[in-house]
Amino acid sequence: MSLQDIYESVLTFKADNLVELIRKEIAKGTAVSDILQEGLIRAMDEVGRRFAEGEFFVPEMLRSAKTMKAGLEVLKPLLIKTNTKAAGNIVIGTVKGDLHDIGKNLVIIMLEGAGFKVVDLGIDVDNETFVRAAEENKADVVCLSALLSTTIQAMKGVIDAIRKEGLNCKMVVGGAPVTPDFAQEIGADGYSEDAARAVDIVRTLVERQ
Amino acid sequence: MLIVGELINASRSSVAEAIKSQNAGMIENLAKDQYEAGAGFIDVNAGIFAGKEADYLQWLVENVQAAVDAPCCIDSPDPRAVEKALSVHKGTAMINSISLEKERFNTYLPLIAGTGLKVVALCMSDKGMPKTSDDRLIIADELINALVRNNVPLNNIYVDPLVQPIATEGNYGAEFLNAVEKIMTGFKGVHTICGLSNISYGLPKRRLLNRIFAVMAVAKGLDSLIINPLDKELMANLIAAGTLGGRDEFCENYLDAFRSQKLEF
């Protein structure tokens, strides 16, 4: 049951222990993809569930993600060697005029925890940069964040710019003033009210593509 | 201690509903309740209504001031909405907020320069959010100096050092508190102000954290807060903190509060 131990280490934030267990598992010849899926990603899914149910709180979400990352570092060279593909390519950023990034960073952590490759464009990102990054990174999903009622208006501009370019990527929006109605109004494909649910939404959109 | 009552904010769904249906009675009651609980300014915010924000903000000011003889804290990132609200405002309003973000600074300055208006000066610049107390001090220094150069007296400036969630970084609370102390000792005559809810984001029992954080900030010199004045426990804690912090000669406020049952909750 060592994959179960890996899973438990993430949920109890034991990074050193996790690294040790992963090394052992690799030496034993366990498939890297199993360690990733059954150990790490399954643990982060559980973190997401606990967070959504109010059993885990933000510091614990961050702590488990940090632990998971330590484990992922060990796996990385092998993932490259075995050509293991990411769950999908995500481009994310806070829209033009907005400098808030706490929510966005939580979403990034959870998406990486779920095995997605995430390109973070940072804050105050203009339409052009979103379009270019989506194209260059063959984004499956582009995620837009904003915290101000004034700056969420910029989201429509990004969505329009991406569509105008004819890019085949789904658009997800989030941030405190964003509502499901607003998301629909501006033509987004998805909306999430927190980082844990963002993973579910992105997953569904990627699977549907 | 200056209390800005935060309840008339359109991000609260009951207020959004009242604004949409132009329910003046509800706004008047909210203004009255907060004023009677000790709010010196009544915050008004209609930020969720893109396109209609200016009209709604003006409507809020009219209805608040029809109910109470108190100034408003006009809370909007849109200078045109602020201007429209100011056109009907009686007395000396507070503007929430200017910051060191270039566009924000340049569009808000003409509204404030050379007037008697009070202004919240948010410690934020185009470089993003400050992390340490020194980051905050650098922004505060630039902001205060730029405002004073443009004829805004020190006494009308309320520096908000920017509260960030401790759930994401364990020392965010301490950095904020140290910034309050540095600003209050470095710029005699300036005020410091903050809201509370950011500090406890992502954690359970948020009211507990908010309340204790407020008390700790008052101990460092914070003299103004944007809060819910109907929270009797919080208000009683703030009165006690002011007294304990040496800002209540002969314990007058504390004893007044005791006699008017403000310390019971």
# chains A, B, ... in the order shown; residues from 1 in each chain; ligands from 1
>>> residues_around(residues="Arg132 in chain A", least_positions_apart="5", cutoff="10 Å", atoms="only C-alpha atoms", output="ChimeraX atom specification")
/A:127,137-138,162,165
>>> write_last_selection(atoms="C-alpha atoms", output="PDB file, in the first residue's frame")
ATOM      1  CA  ASN A 127      -5.447  41.234 -24.322  1.00  0.00           C
ATOM      2  CA  ASN A 137       1.316  27.355 -25.388  1.00  0.00           C
ATOM      3  CA  LYS A 138      -1.487  25.644 -27.316  1.00  0.00           C
ATOM      4  CA  ILE A 162      -9.183  35.134 -28.224  1.00  0.00           C
ATOM      5  CA  GLU A 165      -8.081  35.134 -33.344  1.00  0.00           C
TER       6      GLU A 165
END
>>> closest_atom_pairs(of="chain B", to="chain A", cutoff="8 Å", atoms="only C-alpha atoms", output="JSON lines")
{"residue": "B:Ser11", "atom": "CA", "partner": "A:Pro177", "partner_atom": "CA", "distance": 7.5}
{"residue": "B:Gly47", "atom": "CA", "partner": "A:Ser149", "partner_atom": "CA", "distance": 5.7}
{"residue": "B:Ile48", "atom": "CA", "partner": "A:Ser149", "partner_atom": "CA", "distance": 5.4}
{"residue": "B:Phe49", "atom": "CA", "partner": "A:Ser149", "partner_atom": "CA", "distance": 8.0}
{"residue": "B:Ala50", "atom": "CA", "partner": "A:Thr150", "partner_atom": "CA", "distance": 7.2}
{"residue": "B:Pro77", "atom": "CA", "partner": "A:Thr150", "partner_atom": "CA", "distance": 7.0}
{"residue": "B:Asp78", "atom": "CA", "partner": "A:Thr150", "partner_atom": "CA", "distance": 7.6}
{"residue": "B:Asp126", "atom": "CA", "partner": "A:Leu99", "partner_atom": "CA", "distance": 7.6}
{"residue": "B:Gly128", "atom": "CA", "partner": "A:Leu99", "partner_atom": "CA", "distance": 5.4}
{"residue": "B:Met129", "atom": "CA", "partner": "A:Leu99", "partner_atom": "CA", "distance": 7.1}
{"residue": "B:Ala167", "atom": "CA", "partner": "A:Pro59", "partner_atom": "CA", "distance": 5.0}
{"residue": "B:Thr168", "atom": "CA", "partner": "A:Pro59", "partner_atom": "CA", "distance": 6.1}
{"residue": "B:Gly202", "atom": "CA", "partner": "A:Val58", "partner_atom": "CA", "distance": 4.9}
{"residue": "B:Leu203", "atom": "CA", "partner": "A:Phe57", "partner_atom": "CA", "distance": 5.8}
{"residue": "B:Pro204", "atom": "CA", "partner": "A:Phe57", "partner_atom": "CA", "distance": 7.6}
>>> residues_around(residues="Asp126 in chain A", least_positions_apart="6", cutoff="9 Å", atoms="only C-alpha atoms", output="list in words")
Val95, Lys96, Gly97, Ala154 and Val158 of chain A
>>> residues_around(residues="Ala87 in chain A", least_positions_apart="2", cutoff="12 Å", atoms="only C-alpha atoms", output="ChimeraX atom specification")
/A:33,36-37,41,84-85,89-90,111-118,139-141,199,202-207
>>> write_last_selection(atoms="C-alpha atoms", output="PDB file, in the first residue's frame")
ATOM      1  CA  SER A  33       2.235   7.546 -14.060  1.00  0.00           C
ATOM      2  CA  LEU A  36       1.533  10.547 -10.108  1.00  0.00           C
ATOM      3  CA  GLN A  37      -2.104   9.582 -10.577  1.00  0.00           C
ATOM      4  CA  ILE A  41      -3.072  13.749  -7.974  1.00  0.00           C
ATOM      5  CA  THR A  84       4.077  11.664 -19.771  1.00  0.00           C
ATOM      6  CA  LYS A  85       1.702  14.330 -20.966  1.00  0.00           C
ATOM      7  CA  ASN A  89      -2.321  23.265 -21.012  1.00  0.00           C
ATOM      8  CA  ILE A  90      -3.604  26.228 -19.085  1.00  0.00           C
ATOM      9  CA  LEU A 111      -4.435  23.170 -11.220  1.00  0.00           C
ATOM     10  CA  GLU A 112      -0.781  22.135 -10.976  1.00  0.00           C
ATOM     11  CA  GLY A 113      -1.774  19.740  -8.247  1.00  0.00           C
ATOM     12  CA  ALA A 114      -4.232  18.182 -10.663  1.00  0.00           C
ATOM     13  CA  GLY A 115      -1.488  17.602 -13.223  1.00  0.00           C
ATOM     14  CA  PHE A 116      -2.071  20.537 -15.569  1.00  0.00           C
ATOM     15  CA  LYS A 117       0.740  22.531 -17.132  1.00  0.00           C
ATOM     16  CA  VAL A 118       0.072  26.110 -16.095  1.00  0.00           C
ATOM     17  CA  ALA A 139      -3.756  26.416 -24.375  1.00  0.00           C
ATOM     18  CA  ASP A 140      -6.746  24.172 -23.830  1.00  0.00           C
ATOM     19  CA  VAL A 141      -8.142  26.611 -21.310  1.00  0.00           C
ATOM     20  CA  VAL A 199     -10.094  22.212 -11.105  1.00  0.00           C
ATOM     21  CA  VAL A 202     -11.187  22.993 -16.165  1.00  0.00           C
ATOM     22  CA  ARG A 203     -11.134  19.183 -16.195  1.00  0.00           C
ATOM     23  CA  THR A 204     -14.626  18.980 -17.643  1.00  0.00           C
ATOM     24  CA  LEU A 205     -13.808  21.529 -20.328  1.00  0.00           C
ATOM     25  CA  VAL A 206     -10.569  19.783 -21.321  1.00  0.00           C
ATOM     26  CA  GLU A 207     -12.272  16.367 -21.480  1.00  0.00           C
TER      27      GLU A 207
END
>>> select_by_dssp(residues="range 8-92 of chain B", states="helix (DSSP H, G or I)", output="JSON, numbers by chain")
{"B": [13, 14, 15, 16, 17, 18, 19, 20, 24, 25, 26, 27, 28, 29, 30, 31, 32, 33, 34, 35, 36, 53, 54, 55, 56, 57, 58, 59, 60, 61, 62, 63, 64, 65, 66, 67, 79, 80, 81, 82, 83, 84, 85, 86]}
>>> closest_residue(among="B:Asn106, B:Thr132, B:Asn178, B:Thr192", to="Leu225 in chain B", atoms="only C-alpha atoms")
B:Thr192
>>> select_by_dssp(residues="range 81-203 of chain B", states="strand (DSSP E)", output="PyMOL selection string")
chain B and resi 94-99+118-122+157-160+191-195
>>> write_last_selection(atoms="N, CA and C atoms", output="compact mmCIF listing (two decimals), in the first residue's frame")
# COMPACT_ATOMS: atom_id res chain seq x y z
N MET B 94 -15.54 61.75 2.59
CA MET B 94 -14.27 61.03 2.50
C MET B 94 -14.30 60.27 1.17
N ILE B 95 -13.18 60.24 0.48
CA ILE B 95 -13.11 59.52 -0.79
C ILE B 95 -12.31 58.22 -0.58
N ASN B 96 -12.87 57.13 -1.04
CA ASN B 96 -12.23 55.82 -0.86
C ASN B 96 -12.08 55.16 -2.23
N SER B 97 -10.94 55.21 -2.89
CA SER B 97 -9.66 55.64 -2.38
C SER B 97 -8.74 56.05 -3.52
N ILE B 98 -7.70 56.78 -3.15
CA ILE B 98 -6.62 57.06 -4.10
C ILE B 98 -5.51 56.04 -3.80
N SER B 99 -4.62 55.81 -4.76
CA SER B 99 -3.46 54.94 -4.50
C SER B 99 -2.32 55.45 -5.35
N LYS B 118 -11.64 64.49 2.74
CA LYS B 118 -10.77 63.50 3.36
C LYS B 118 -10.56 62.38 2.34
N VAL B 119 -9.40 61.75 2.41
CA VAL B 119 -9.13 60.73 1.39
C VAL B 119 -8.43 59.52 1.99
N VAL B 120 -8.90 58.34 1.59
CA VAL B 120 -8.22 57.11 1.93
C VAL B 120 -7.10 56.92 0.91
N ALA B 121 -5.88 56.76 1.41
CA ALA B 121 -4.71 56.58 0.53
C ALA B 121 -4.23 55.14 0.67
N LEU B 122 -4.56 54.35 -0.34
CA LEU B 122 -4.29 52.91 -0.29
C LEU B 122 -2.85 52.62 -0.71
N ILE B 157 -5.59 62.98 5.34
CA ILE B 157 -5.12 61.76 4.67
C ILE B 157 -5.25 60.56 5.61
N TYR B 158 -5.93 59.53 5.13
CA TYR B 158 -6.11 58.28 5.89
C TYR B 158 -5.39 57.17 5.13
N VAL B 159 -4.19 56.85 5.58
CA VAL B 159 -3.40 55.83 4.88
C VAL B 159 -3.93 54.45 5.22
N ASP B 160 -4.24 53.67 4.17
CA ASP B 160 -4.63 52.27 4.37
C ASP B 160 -3.44 51.40 3.97
N HIS B 191 -3.49 59.99 9.41
CA HIS B 191 -4.29 58.93 10.01
C HIS B 191 -3.99 57.60 9.33
N THR B 192 -4.31 56.51 10.02
CA THR B 192 -4.29 55.21 9.35
C THR B 192 -5.66 54.56 9.48
N ILE B 193 -6.04 53.85 8.44
CA ILE B 193 -7.39 53.26 8.37
C ILE B 193 -7.29 51.89 7.72
N CYS B 194 -8.22 51.00 8.02
CA CYS B 194 -8.27 49.75 7.26
C CYS B 194 -9.63 49.09 7.42
N GLY B 195 -9.90 48.17 6.52
CA GLY B 195 -11.02 47.25 6.69
C GLY B 195 -10.44 46.00 7.33
>>> residues_around(residues="range 54-66 of chain B", least_positions_apart="2", cutoff="8 Å", atoms="only C-alpha atoms", output="PyMOL selection string")
chain B and resi 19+24+27-28+31+42+44-46+51-52+68-72+74+80-82+84-86+88-90
>>> write_last_selection(atoms="C-alpha atoms", output="PDB file, in the first residue's frame")
ATOM      1  CA  ILE B  19     -30.484  49.614  -4.835  1.00  0.00           C
ATOM      2  CA  ALA B  24     -34.910  54.134  -0.049  1.00  0.00           C
ATOM      3  CA  ILE B  27     -30.899  52.440   2.878  1.00  0.00           C
ATOM      4  CA  GLU B  28     -32.179  55.052   5.348  1.00  0.00           C
ATOM      5  CA  ALA B  31     -27.641  54.613   7.639  1.00  0.00           C
ATOM      6  CA  ILE B  42     -21.325  56.119   6.240  1.00  0.00           C
ATOM      7  CA  VAL B  44     -21.561  54.005   0.156  1.00  0.00           C
ATOM      8  CA  ASN B  45     -20.612  51.574  -2.597  1.00  0.00           C
ATOM      9  CA  ALA B  46     -22.481  50.646  -5.784  1.00  0.00           C
ATOM     10  CA  GLY B  51     -22.718  51.629 -16.253  1.00  0.00           C
ATOM     11  CA  LYS B  52     -25.158  52.659 -13.529  1.00  0.00           C
ATOM     12  CA  VAL B  68     -28.701  61.071   9.135  1.00  0.00           C
ATOM     13  CA  ASP B  69     -26.646  64.174   9.644  1.00  0.00           C
ATOM     14  CA  ALA B  70     -23.380  62.475   8.773  1.00  0.00           C
ATOM     15  CA  PRO B  71     -20.946  62.629   5.874  1.00  0.00           C
ATOM     16  CA  CYS B  72     -20.421  59.740   3.485  1.00  0.00           C
ATOM     17  CA  ILE B  74     -17.683  57.539  -1.209  1.00  0.00           C
ATOM     18  CA  ARG B  80     -16.742  59.939 -12.558  1.00  0.00           C
ATOM     19  CA  ALA B  81     -18.994  58.116 -10.124  1.00  0.00           C
ATOM     20  CA  VAL B  82     -17.266  59.863  -7.214  1.00  0.00           C
ATOM     21  CA  LYS B  84     -21.446  62.619  -9.407  1.00  0.00           C
ATOM     22  CA  ALA B  85     -21.932  61.495  -5.797  1.00  0.00           C
ATOM     23  CA  LEU B  86     -20.022  64.530  -4.539  1.00  0.00           C
ATOM     24  CA  VAL B  88     -25.159  66.156  -4.041  1.00  0.00           C
ATOM     25  CA  HIS B  89     -23.109  65.510  -0.909  1.00  0.00           C
ATOM     26  CA  LYS B  90     -23.535  67.809   2.097  1.00  0.00           C
TER      27      LYS B  90
END
